[in-house]
Protein chains: 2
Amino acid sequence: MSVQKQYPKCLALLGSTGSVGTQTLDCVRMHPNEFKVLALTAQNNIDLLEKQAREFSVETVGIANLEKAEEFRRRVKGKIHVEEGLEGILKICAYEEADTVLNALVGNIGLRPTLHAMKHKKNVALANKETMVSGGELVMEAARRNKVHLVPIDSEHSAIFQCLNGENKGEISKIILTCSGGPFRGKKLNELKGVTKEQALNHPTWKMGGKITIDSATLMNKGFEVVEAMWLYGVEPERIEVVVHPQSLIHSMVEFVDASIIAQLGTHDMRTPIQYALTYPRRMKCPATRLNLLEAKQFTFEKPDMETFQCLARGYEAARRKGTTATAINAVNDECVGAFLDGKIEFLDIQRTIQKVAEKNRHVTHPVLEDILNADEWARRETRKELGIELSIPVR
Amino acid sequence: MSVQKQYPKCLALLGSTGSVGTQTLDCVRMHPNEFKVLALTAQNNIDLLEKQAREFSVETVGIANLEKAEEFRRRVKGKIHVEEGLEGILKICAYEEADTVLNALVGNIGLRPTLHAMKHKKNVALANKETMVSGGELVMEAARRNKVHLVPIDSEHSAIFQCLNGENKGEISKIILTCSGGPFRGKKLNELKGVTKEQALNHPTWKMGGKITIDSATLMNKGFEVVEAMWLYGVEPERIEVVVHPQSLIHSMVEFVDASIIAQLGTHDMRTPIQYALTYPRRMKCPATRLNLLEAKQFTFEKPDMETFQCLARGYEAARRKGTTATAINAVNDECVGAFLDGKIEFLDIQRTIQKVAEKNRHVTHPVLEDILNADEWARRETRKELGIELSIPVR
């Protein structure tokens with residue numbers, strides 16, 4: 001009997017050792033008869049990868065770092081098949097027996113695996129933000145052409161996706177993206193001078209990786225979500241409203257033409273949107289903690305301050321322009337956040353540099369993959385030149 | 001060309017001169033090519049009924065009060081066909097060219113028209129609460145048997161209905177019914193002694209008719225909604241949670257097995273749920289005011305106080321027992337609220353009498369229509385005996 005017949009869902013999990021990856025495996029653990037993990041991939045963390053591969057009897061792993069791949073091969077002595085580098089990850093995306101690829105890769109490396117998985121008729125559960133920010137148009141087109149589902153995992157986009165369940169996209173009046181406001185909510189520009197990495201990493205509601213936590217502090221994350229929402233739901237940025245909701249319990253909302261608003265709520269537990277992306281259009285019991293409204297007590301709402309948090313305004317601009325502007329902004333931001341986390345630039349240098357470099361971007365309105373990769377590389381080099389520093393992350 | 005071919009929806013509107021009726025006509029006015037009103041009915045208000053009939057070129061009206069029907073006939077001199085009494089309303093429910101009956105009748109008179117409309121294969125947009133409270137099981141069975149849609153108009157039940165759009169009822173974990181708490185929220189039993197009719201009619205969020213406003217003050221309304229939710233969505237009362245949300249902007253929510261909560265929000269404008277019941281599963285532009293979250297600023301949540309507001313506990317009990325207990329409670333409550341509005345009993349007499357009379361109800365678990373009508377009549381007579389007063393409303 002084939003694996004597909006034994007399990008309703010056969011998964012390839014890209015980025016299994018990160019925060020989304022490990023939480024995905026929590027959901028798999030809860031439903032051993034529903035999910036079969038066929039392949040796992042990691043960048044460097046082969047200790048955890050090996051543990052995961054053994055627990056879930058995974059036959060194939062992909063390891064991005066070539067040296068780590070070699071070391072892993074020595075350890076497992078042929079008992080687990082090892083693919084390596086980006087090419088190895090792409091092979092895993094085309095893995096014949098998998099029906100769904102969960103892409104929890106971090107960074108711009110995520111775009112090609114998404115497209116490759118779709119080309120091979122896999123449904124994609126998408127946690128990699130860069131896929132939609134950099135290549136939104138291409139990805140939506142690939143999903144349509146290959147007739148596969150693309151289900152977002154990001155809490156906001158999963159919320160919108162759930163709010164649109166059974167609804168007609170043509171009847172959307174606006175999308176209301178909620179935003180925690182980050183650790184610097186309420187601060188003005190002059191108060192953000194010299195804030196430290198530790199302050200920026202101290203997110204009020206969500207526990208996430210370093211890069212995305214900084215993006216939440218600059219509101220670049222929310223700017224990117226405007227771009228993603230535009231592509232995912234086909235709604236122009238004029239009809240995407242960002243509302244600061246510091247409790248982050250309403251994960252986002254959709255207002256329809258009849259004035260009705262549908263919202264999705266939950267705790268700050270990514271296992272609900274992760275699992276939903278795998279079980280859609282069904283829902284199953286989930287290890288996520290449940291929201292107790294009586295304990296939550298209150299929800300508040302505020303207008304975002306785009307004069308202080310200029311990255312949000314950049315996101316709106318990128319959405320209006322479409323094409324490679326968002327790609328470039330994403331690359332500049334990536335480099336800047338790396339530099340900030342390395343202690344090489346100030347917090348406010350991030351938004352300043354994004355504006356300066358993105359302005360010079362040679363905009364391509366309907367980019368093919370090559371245009372996107374070029375815009376990304378150009379923006380990274382330009383950022384390094386602008387900042388006058390060598391960064392620890394190589395230009396990809 | 002037949003009327004049905006000219007208009008997507010052909011309506012019979014029962015109770016057109018009341019609050020829901022007039023707001024229904026606001027929606028019809030906005031979509032003159034979508035809706036055709038074929039018939040209107042009223043109890044007494046023939047002045048407004050005539051105005052409505054002329055504006056919407058309605059050919060048939062139904063008038064419950066026989067004298068008023070006669071007067072109306074004299075006025076319109078044969079230009080509008082007039083049906084009279086309950087029998088006339090039932091004829092209108094069977095009106096061949098109508099595809100949808102909107103039932104905005106007030107009181108227990110609403111049950112038979114709902115059943116009659118379903119028998120004649122009409123979809124029912126339901127604003128008459130008594131239909132579901134008194135006859136929930138019968139009505140759900142009639143909807144199934146006749147394969148017609150039953151779409152609730154009550155803001156809470158419309159919210160739940162909308163939250164379930166595209167979802168699987170088997171995946172509901174609980175229904176969260178929101179409740180404004182009414183004008184006496186936070187008060188204890190001893191503080192409710194001697195409260196006046198004016199205080200009880202001063203609802204904090206919704207503008208509604210007198211009867212339902214008193215039901216909101218006692219929380220009997222919320223108790224009835226527990227019964228209605230049980231029938232409408234097939235969810236046992238243990239999985240229906242009432243949460244006090246004084247702003248009444250989240251109209252209700254559904255929690256699913258995966259811990260995800262879907263909520264429906266909006267202003268206190270009934271035109272959204274009214275119109276949705278007519279356009280379902282589509283949505284159309286609506287005259288309702290839109291919710292501005294930045295102006296709303298905050299949502300709060302509290303536990304309901306069932307020791308003070310005992311009618312809510314009675315509603316849960318009725319839902320657990322099913323059958324004619326809710327019918328009897330509804331009838332006792334109807335009589336008591338009438339007596340309270342007439343200044344003949346105290347506010348706390350309402351819940352006291354409901355408990356006392358309902359206890360003596362000869363419970364029928366799976367009632368047919370006759371059992372429901374008998375339980376209703378018995379409870380009304382018993383209430384009058386208990387209160388020792390003659391009421392202005394006749395036993396129906």
# chains A, B, ... in the order shown; residues from 1 in each chain; ligands from 1
call {"tool": "residues_around", "arguments": {"residues": "Asn128 of chain A", "least_positions_apart": "3", "cutoff": "10 Å", "atoms": "only C-alpha atoms", "output": "ChimeraX atom specification"}}
result
/A:14-15,20,102-111,114,125,131-133,152-154
call {"tool": "write_last_selection", "arguments": {"atoms": "C-alpha atoms", "output": "compact mmCIF listing (two decimals), in the first residue's frame"}}
result
# COMPACT_ATOMS: atom_id res chain seq x y z
CA LEU A 14 11.10 22.72 4.92
CA GLY A 15 12.76 24.36 7.91
CA VAL A 20 7.30 27.04 12.92
CA LEU A 102 5.13 23.23 4.34
CA ASN A 103 7.61 26.00 3.69
CA ALA A 104 8.98 27.35 6.95
CA LEU A 105 12.31 28.46 5.49
CA VAL A 106 13.62 31.77 6.72
CA GLY A 107 14.57 34.48 4.23
CA ASN A 108 14.65 34.94 0.51
CA ILE A 109 15.79 31.37 -0.05
CA GLY A 110 12.12 30.42 0.37
CA LEU A 111 10.82 31.67 -2.97
CA THR A 114 7.57 27.47 -3.18
CA ALA A 125 1.43 25.69 3.45
CA THR A 131 7.86 34.12 -0.94
CA MET A 132 4.89 36.49 -1.14
CA VAL A 133 6.70 39.78 -0.50
CA PRO A 152 -0.73 31.03 4.55
CA ILE A 153 0.54 30.25 8.04
CA ASP A 154 1.34 33.76 9.24
call {"tool": "closest_atom_pairs", "arguments": {"of": "chain A", "to": "chain B", "cutoff": "8 Å", "atoms": "only C-alpha atoms", "output": "JSON lines"}}
result
{"residue": "A:Gln162", "atom": "CA", "partner": "B:Ile262", "partner_atom": "CA", "distance": 7.9}
{"residue": "A:Cys163", "atom": "CA", "partner": "B:Ile262", "partner_atom": "CA", "distance": 7.2}
{"residue": "A:Asn165", "atom": "CA", "partner": "B:Gly166", "partner_atom": "CA", "distance": 5.1}
{"residue": "A:Gly166", "atom": "CA", "partner": "B:Gly166", "partner_atom": "CA", "distance": 3.8}
{"residue": "A:Glu167", "atom": "CA", "partner": "B:Asn165", "partner_atom": "CA", "distance": 7.2}
{"residue": "A:Asn168", "atom": "CA", "partner": "B:Arg282", "partner_atom": "CA", "distance": 7.4}
{"residue": "A:Glu171", "atom": "CA", "partner": "B:Arg283", "partner_atom": "CA", "distance": 6.3}
{"residue": "A:Val243", "atom": "CA", "partner": "B:Leu294", "partner_atom": "CA", "distance": 7.8}
{"residue": "A:Phe256", "atom": "CA", "partner": "B:Arg283", "partner_atom": "CA", "distance": 7.4}
{"residue": "A:Val257", "atom": "CA", "partner": "B:Lys285", "partner_atom": "CA", "distance": 4.9}
{"residue": "A:Asp258", "atom": "CA", "partner": "B:Cys286", "partner_atom": "CA", "distance": 4.6}
{"residue": "A:Ala259", "atom": "CA", "partner": "B:Arg290", "partner_atom": "CA", "distance": 5.3}
{"residue": "A:Ser260", "atom": "CA", "partner": "B:Gly266", "partner_atom": "CA", "distance": 5.6}
{"residue": "A:Ile261", "atom": "CA", "partner": "B:Leu265", "partner_atom": "CA", "distance": 4.9}
{"residue": "A:Ile262", "atom": "CA", "partner": "B:Gln264", "partner_atom": "CA", "distance": 4.5}
{"residue": "A:Ala263", "atom": "CA", "partner": "B:Ala263", "partner_atom": "CA", "distance": 5.0}
{"residue": "A:Gln264", "atom": "CA", "partner": "B:Ile262", "partner_atom": "CA", "distance": 4.6}
{"residue": "A:Leu265", "atom": "CA", "partner": "B:Ile261", "partner_atom": "CA", "distance": 4.9}
{"residue": "A:Gly266", "atom": "CA", "partner": "B:Ser260", "partner_atom": "CA", "distance": 5.6}
{"residue": "A:Thr272", "atom": "CA", "partner": "B:Asp258", "partner_atom": "CA", "distance": 6.0}
{"residue": "A:Gln275", "atom": "CA", "partner": "B:Asp258", "partner_atom": "CA", "distance": 7.9}
{"residue": "A:Tyr276", "atom": "CA", "partner": "B:Asp258", "partner_atom": "CA", "distance": 7.7}
{"residue": "A:Pro281", "atom": "CA", "partner": "B:Glu167", "partner_atom": "CA", "distance": 8.0}
{"residue": "A:Arg282", "atom": "CA", "partner": "B:Asn168", "partner_atom": "CA", "distance": 7.4}
{"residue": "A:Arg283", "atom": "CA", "partner": "B:Asp258", "partner_atom": "CA", "distance": 6.0}
{"residue": "A:Met284", "atom": "CA", "partner": "B:Asp258", "partner_atom": "CA", "distance": 5.4}
{"residue": "A:Lys285", "atom": "CA", "partner": "B:Asp258", "partner_atom": "CA", "distance": 4.7}
{"residue": "A:Cys286", "atom": "CA", "partner": "B:Asp258", "partner_atom": "CA", "distance": 4.6}
{"residue": "A:Pro287", "atom": "CA", "partner": "B:Asp258", "partner_atom": "CA", "distance": 7.8}
{"residue": "A:Ala288", "atom": "CA", "partner": "B:Ala259", "partner_atom": "CA", "distance": 6.5}
{"residue": "A:Thr289", "atom": "CA", "partner": "B:Ala259", "partner_atom": "CA", "distance": 7.0}
{"residue": "A:Arg290", "atom": "CA", "partner": "B:Ala259", "partner_atom": "CA", "distance": 5.3}
{"residue": "A:Leu291", "atom": "CA", "partner": "B:Ala259", "partner_atom": "CA", "distance": 7.5}
{"residue": "A:Leu293", "atom": "CA", "partner": "B:Phe301", "partner_atom": "CA", "distance": 6.3}
{"residue": "A:Leu294", "atom": "CA", "partner": "B:Glu302", "partner_atom": "CA", "distance": 5.6}
{"residue": "A:Ala296", "atom": "CA", "partner": "B:Phe301", "partner_atom": "CA", "distance": 7.8}
{"residue": "A:Lys297", "atom": "CA", "partner": "B:Phe301", "partner_atom": "CA", "distance": 5.0}
{"residue": "A:Gln298", "atom": "CA", "partner": "B:Thr300", "partner_atom": "CA", "distance": 4.2}
{"residue": "A:Phe299", "atom": "CA", "partner": "B:Phe299", "partner_atom": "CA", "distance": 5.0}
{"residue": "A:Thr300", "atom": "CA", "partner": "B:Gln298", "partner_atom": "CA", "distance": 4.3}
{"residue": "A:Phe301", "atom": "CA", "partner": "B:Lys297", "partner_atom": "CA", "distance": 5.0}
{"residue": "A:Glu302", "atom": "CA", "partner": "B:Leu294", "partner_atom": "CA", "distance": 5.6}
{"residue": "A:Lys303", "atom": "CA", "partner": "B:Leu294", "partner_atom": "CA", "distance": 6.6}
call {"tool": "select_by_dssp", "arguments": {"residues": "segment 12-86 of chain B", "states": "alpha helix (DSSP H)", "output": "ChimeraX atom specification"}}
result
/B:19-30,46-55,66-76,85-86
call {"tool": "write_last_selection", "arguments": {"atoms": "N, CA, C and O atoms", "output": "tab-separated table (two decimals), in the first residue's frame"}}
result
chain	number	residue	atom	x	y	z
B	19	SER	N	-40.08	47.31	13.65
B	19	SER	CA	-38.70	47.76	13.51
B	19	SER	C	-37.94	46.94	12.43
B	19	SER	O	-37.31	47.51	11.54
B	20	VAL	N	-38.04	45.63	12.49
B	20	VAL	CA	-37.35	44.80	11.49
B	20	VAL	C	-37.99	44.99	10.11
B	20	VAL	O	-37.30	45.10	9.10
B	21	GLY	N	-39.32	45.10	10.10
B	21	GLY	CA	-40.03	45.26	8.82
B	21	GLY	C	-39.60	46.52	8.08
B	21	GLY	O	-39.28	46.49	6.89
B	22	THR	N	-39.57	47.64	8.79
B	22	THR	CA	-39.22	48.90	8.12
B	22	THR	C	-37.76	48.89	7.68
B	22	THR	O	-37.42	49.42	6.62
B	23	GLN	N	-36.90	48.26	8.46
B	23	GLN	CA	-35.49	48.18	8.06
B	23	GLN	C	-35.30	47.22	6.88
B	23	GLN	O	-34.39	47.41	6.07
B	24	THR	N	-36.15	46.22	6.80
B	24	THR	CA	-36.10	45.34	5.63
B	24	THR	C	-36.39	46.16	4.38
B	24	THR	O	-35.72	46.02	3.35
B	25	LEU	N	-37.38	47.04	4.49
B	25	LEU	CA	-37.75	47.85	3.32
B	25	LEU	C	-36.64	48.85	2.96
B	25	LEU	O	-36.48	49.20	1.78
B	26	ASP	N	-35.82	49.27	3.94
B	26	ASP	CA	-34.63	50.09	3.62
B	26	ASP	C	-33.70	49.33	2.67
B	26	ASP	O	-33.14	49.90	1.74
B	27	CYS	N	-33.52	48.05	2.97
B	27	CYS	CA	-32.63	47.22	2.14
B	27	CYS	C	-33.25	47.02	0.75
B	27	CYS	O	-32.55	47.10	-0.26
B	28	VAL	N	-34.55	46.78	0.72
B	28	VAL	CA	-35.24	46.59	-0.57
B	28	VAL	C	-35.11	47.86	-1.42
B	28	VAL	O	-34.83	47.81	-2.61
B	29	ARG	N	-35.26	49.01	-0.75
B	29	ARG	CA	-35.16	50.31	-1.43
B	29	ARG	C	-33.79	50.49	-2.09
B	29	ARG	O	-33.67	51.09	-3.14
B	30	MET	N	-32.75	49.96	-1.44
B	30	MET	CA	-31.39	50.10	-1.98
B	30	MET	C	-31.16	49.20	-3.19
B	30	MET	O	-30.26	49.44	-3.99
B	46	ILE	N	-52.31	50.32	9.86
B	46	ILE	CA	-52.67	50.31	8.44
B	46	ILE	C	-52.24	51.58	7.72
B	46	ILE	O	-52.12	51.59	6.51
B	47	ASP	N	-51.98	52.65	8.48
B	47	ASP	CA	-51.51	53.87	7.81
B	47	ASP	C	-50.15	53.61	7.18
B	47	ASP	O	-49.93	53.87	6.00
B	48	LEU	N	-49.23	53.10	8.00
B	48	LEU	CA	-47.89	52.81	7.47
B	48	LEU	C	-47.96	51.70	6.42
B	48	LEU	O	-47.29	51.77	5.39
B	49	LEU	N	-48.79	50.70	6.68
B	49	LEU	CA	-48.91	49.58	5.74
B	49	LEU	C	-49.34	50.09	4.35
B	49	LEU	O	-48.78	49.68	3.33
B	50	GLU	N	-50.28	51.01	4.34
B	50	GLU	CA	-50.76	51.54	3.06
B	50	GLU	C	-49.65	52.29	2.33
B	50	GLU	O	-49.44	52.11	1.13
B	51	LYS	N	-48.93	53.11	3.10
B	51	LYS	CA	-47.80	53.87	2.54
B	51	LYS	C	-46.78	52.90	1.93
B	51	LYS	O	-46.29	53.10	0.80
B	52	GLN	N	-46.44	51.86	2.69
B	52	GLN	CA	-45.46	50.88	2.20
B	52	GLN	C	-45.98	50.17	0.95
B	52	GLN	O	-45.25	49.98	-0.03
B	53	ALA	N	-47.23	49.78	0.98
B	53	ALA	CA	-47.80	49.04	-0.15
B	53	ALA	C	-47.75	49.89	-1.41
B	53	ALA	O	-47.44	49.41	-2.50
B	54	ARG	N	-48.02	51.20	-1.24
B	54	ARG	CA	-47.99	52.08	-2.42
B	54	ARG	C	-46.55	52.27	-2.91
B	54	ARG	O	-46.28	52.18	-4.11
B	55	GLU	N	-45.63	52.54	-1.97
B	55	GLU	CA	-44.25	52.78	-2.39
B	55	GLU	C	-43.67	51.58	-3.15
B	55	GLU	O	-42.98	51.75	-4.15
B	66	LEU	N	-58.99	42.12	12.39
B	66	LEU	CA	-60.07	42.03	11.41
B	66	LEU	C	-60.73	43.39	11.12
B	66	LEU	O	-61.05	43.71	9.98
B	67	GLU	N	-60.92	44.19	12.18
B	67	GLU	CA	-61.53	45.51	11.97
B	67	GLU	C	-60.65	46.40	11.10
B	67	GLU	O	-61.12	47.13	10.23
B	68	LYS	N	-59.35	46.32	11.39
B	68	LYS	CA	-58.41	47.13	10.60
B	68	LYS	C	-58.38	46.66	9.15
B	68	LYS	O	-58.25	47.47	8.22
B	69	ALA	N	-58.52	45.36	8.96
B	69	ALA	CA	-58.54	44.82	7.60
B	69	ALA	C	-59.72	45.41	6.83
B	69	ALA	O	-59.60	45.83	5.68
B	70	GLU	N	-60.87	45.47	7.51
B	70	GLU	CA	-62.08	46.01	6.89
B	70	GLU	C	-61.89	47.48	6.53
B	70	GLU	O	-62.23	47.92	5.42
B	71	GLU	N	-61.29	48.22	7.47
B	71	GLU	CA	-61.06	49.65	7.24
B	71	GLU	C	-60.12	49.86	6.04
B	71	GLU	O	-60.34	50.73	5.20
B	72	PHE	N	-59.09	49.02	5.99
B	72	PHE	CA	-58.11	49.10	4.90
B	72	PHE	C	-58.78	48.84	3.55
B	72	PHE	O	-58.56	49.56	2.58
B	73	ARG	N	-59.66	47.84	3.53
B	73	ARG	CA	-60.39	47.52	2.31
B	73	ARG	C	-61.20	48.72	1.81
B	73	ARG	O	-61.21	49.02	0.62
B	74	ARG	N	-61.86	49.39	2.76
B	74	ARG	CA	-62.66	50.57	2.37
B	74	ARG	C	-61.76	51.64	1.77
B	74	ARG	O	-62.10	52.26	0.77
B	75	ARG	N	-60.58	51.82	2.35
B	75	ARG	CA	-59.66	52.85	1.89
B	75	ARG	C	-59.15	52.61	0.47
B	75	ARG	O	-59.08	53.51	-0.33
B	76	VAL	N	-58.72	51.35	0.22
B	76	VAL	CA	-58.00	51.10	-1.04
B	76	VAL	C	-58.95	50.69	-2.17
B	76	VAL	O	-58.51	50.58	-3.32
B	85	GLY	N	-56.51	38.26	9.33
B	85	GLY	CA	-56.35	37.29	10.41
B	85	GLY	C	-55.17	36.36	10.19
B	85	GLY	O	-54.42	36.49	9.22
B	86	LEU	N	-55.00	35.41	11.13
B	86	LEU	CA	-53.91	34.44	10.99
B	86	LEU	C	-54.06	33.64	9.70
B	86	LEU	O	-53.07	33.36	9.02
call {"tool": "closest_residue", "arguments": {"among": "A:Gly209, A:Gly181, A:Gly338, A:Gly388", "to": "Pro304 of chain A", "atoms": "only C-alpha atoms"}}
result
A:Gly181
call {"tool": "closest_residue", "arguments": {"among": "A:Thr327, A:Lys188, A:Met306, A:Ser216", "to": "Asn374 of chain A", "atoms": "only C-alpha atoms"}}
result
A:Thr327
call {"tool": "residues_around", "arguments": {"residues": "Leu138 of chain A", "least_positions_apart": "2", "cutoff": "8 Å", "atoms": "only C-alpha atoms", "output": "PyMOL selection string"}}
result
chain A and resi 135-136+140-142+367-369
call {"tool": "select_by_dssp", "arguments": {"residues": "segment 75-324 of chain B", "states": "strand (DSSP E)", "output": "JSON, numbers by chain"}}
result
{"B": [81, 82, 83, 84, 100, 101, 102, 103, 123, 124, 125, 126, 150, 151, 152, 172, 173, 174, 175, 176, 177, 178, 179, 240, 241, 242, 243, 244, 250, 251, 252, 253, 254, 255, 256, 261, 262, 263, 264, 265, 298, 299, 300]}
call {"tool": "write_last_selection", "arguments": {"atoms": "N, CA and C atoms", "output": "CSV table (one decimal), in the first residue's frame"}}
result
chain,number,residue,atom,x,y,z
B,81,HIS,N,-55.2,43.9,-2.8
B,81,HIS,CA,-55.9,42.7,-2.3
B,81,HIS,C,-55.6,42.6,-0.8
B,82,VAL,N,-56.6,42.3,0.0
B,82,VAL,CA,-56.4,42.3,1.5
B,82,VAL,C,-56.8,40.9,2.0
B,83,GLU,N,-55.8,40.3,2.7
B,83,GLU,CA,-56.1,39.0,3.5
B,83,GLU,C,-56.2,39.4,4.9
B,84,GLU,N,-56.9,38.6,5.7
B,84,GLU,CA,-57.1,39.0,7.1
B,84,GLU,C,-56.9,37.9,8.1
B,100,THR,N,-39.2,33.6,-0.8
B,100,THR,CA,-38.7,33.8,0.5
B,100,THR,C,-39.7,34.5,1.4
B,101,VAL,N,-39.9,34.0,2.6
B,101,VAL,CA,-40.8,34.7,3.5
B,101,VAL,C,-39.9,35.2,4.7
B,102,LEU,N,-40.0,36.6,4.8
B,102,LEU,CA,-39.3,37.2,6.0
B,102,LEU,C,-40.3,37.3,7.1
B,103,ASN,N,-40.1,36.6,8.2
B,103,ASN,CA,-41.0,36.5,9.3
B,103,ASN,C,-40.5,37.5,10.4
B,123,ASN,N,-38.0,29.7,1.4
B,123,ASN,CA,-36.9,30.0,2.3
B,123,ASN,C,-37.4,30.9,3.3
B,124,VAL,N,-36.9,30.8,4.6
B,124,VAL,CA,-37.4,31.7,5.6
B,124,VAL,C,-36.3,32.5,6.2
B,125,ALA,N,-36.5,33.8,6.2
B,125,ALA,CA,-35.6,34.7,6.9
B,125,ALA,C,-36.3,35.0,8.2
B,126,LEU,N,-35.7,34.6,9.3
B,126,LEU,CA,-36.5,34.6,10.6
B,126,LEU,C,-36.1,35.6,11.6
B,150,LEU,N,-33.1,28.2,6.2
B,150,LEU,CA,-33.7,29.0,7.4
B,150,LEU,C,-32.5,29.9,7.8
B,151,VAL,N,-32.6,31.2,7.6
B,151,VAL,CA,-31.5,32.1,7.9
B,151,VAL,C,-32.0,33.0,9.0
B,152,PRO,N,-31.4,33.0,10.2
B,152,PRO,CA,-31.8,33.9,11.3
B,152,PRO,C,-31.4,35.3,11.1
B,172,ILE,N,-17.4,22.3,15.3
B,172,ILE,CA,-17.6,23.4,16.3
B,172,ILE,C,-17.1,22.9,17.7
B,173,SER,N,-16.4,23.7,18.4
B,173,SER,CA,-16.1,23.3,19.8
B,173,SER,C,-17.0,24.0,20.7
B,174,LYS,N,-17.3,25.2,20.5
B,174,LYS,CA,-18.4,25.9,21.3
B,174,LYS,C,-18.9,27.1,20.6
B,175,ILE,N,-20.1,27.5,21.0
B,175,ILE,CA,-20.7,28.8,20.5
B,175,ILE,C,-20.5,29.8,21.6
B,176,ILE,N,-20.0,31.0,21.3
B,176,ILE,CA,-19.9,32.0,22.3
B,176,ILE,C,-20.9,33.1,21.9
B,177,LEU,N,-22.0,33.1,22.7
B,177,LEU,CA,-23.1,34.1,22.5
B,177,LEU,C,-22.7,35.4,23.3
B,178,THR,N,-22.5,36.5,22.6
B,178,THR,CA,-22.3,37.7,23.4
B,178,THR,C,-23.6,38.3,23.9
B,179,CYS,N,-23.4,39.1,24.9
B,179,CYS,CA,-24.6,39.6,25.6
B,179,CYS,C,-24.2,41.0,26.2
B,240,ILE,N,-22.5,25.9,24.7
B,240,ILE,CA,-22.9,27.3,24.4
B,240,ILE,C,-22.5,28.2,25.6
B,241,GLU,N,-21.6,29.1,25.4
B,241,GLU,CA,-21.2,30.0,26.4
B,241,GLU,C,-21.7,31.4,26.2
B,242,VAL,N,-22.2,32.0,27.3
B,242,VAL,CA,-22.7,33.4,27.2
B,242,VAL,C,-21.6,34.2,27.8
B,243,VAL,N,-21.1,35.2,27.1
B,243,VAL,CA,-20.1,36.2,27.6
B,243,VAL,C,-20.7,37.6,27.5
B,244,VAL,N,-20.6,38.3,28.6
B,244,VAL,CA,-21.1,39.7,28.6
B,244,VAL,C,-20.0,40.5,27.9
B,250,ILE,N,-19.1,42.8,18.9
B,250,ILE,CA,-18.9,41.5,18.5
B,250,ILE,C,-20.3,40.8,18.7
B,251,HIS,N,-20.9,40.4,17.6
B,251,HIS,CA,-22.3,40.0,17.8
B,251,HIS,C,-22.4,38.5,18.2
B,252,SER,N,-21.4,37.7,18.0
B,252,SER,CA,-21.2,36.4,18.6
B,252,SER,C,-20.1,35.7,17.9
B,253,MET,N,-19.7,34.5,18.4
B,253,MET,CA,-18.5,33.9,17.9
B,253,MET,C,-18.7,32.4,17.9
B,254,VAL,N,-17.8,31.7,17.2
B,254,VAL,CA,-17.8,30.2,17.2
B,254,VAL,C,-16.3,29.8,17.4
B,255,GLU,N,-16.1,29.0,18.4
B,255,GLU,CA,-14.8,28.4,18.6
B,255,GLU,C,-14.8,27.0,18.0
B,256,PHE,N,-13.8,26.7,17.2
B,256,PHE,CA,-13.7,25.4,16.5
B,256,PHE,C,-12.7,24.5,17.3
B,261,ILE,N,-11.1,30.9,16.8
B,261,ILE,CA,-12.4,31.5,17.0
B,261,ILE,C,-12.7,32.4,15.8
B,262,ILE,N,-13.9,32.2,15.3
B,262,ILE,CA,-14.4,33.1,14.2
B,262,ILE,C,-15.5,34.0,14.8
B,263,ALA,N,-15.4,35.3,14.6
B,263,ALA,CA,-16.4,36.2,15.2
B,263,ALA,C,-17.0,37.1,14.1
B,264,GLN,N,-18.2,37.6,14.4
B,264,GLN,CA,-18.8,38.5,13.4
B,264,GLN,C,-19.0,39.8,14.2
B,265,LEU,N,-18.6,40.9,13.6
B,265,LEU,CA,-18.7,42.2,14.2
B,265,LEU,C,-19.5,43.2,13.3
B,298,GLN,N,-12.5,50.2,22.4
B,298,GLN,CA,-12.2,49.0,23.2
B,298,GLN,C,-13.4,48.0,23.3
B,299,PHE,N,-13.1,46.8,23.4
B,299,PHE,CA,-14.1,45.7,23.6
B,299,PHE,C,-13.8,45.1,25.0
B,300,THR,N,-14.8,44.9,25.8
B,300,THR,CA,-14.5,44.3,27.1
B,300,THR,C,-15.4,43.0,27.3
call {"tool": "atom_distance", "arguments": {"atom1": "atom CA of Gln43 of chain A", "atom2": "atom CA of Ile354 of chain A"}}
result
27.1 Å
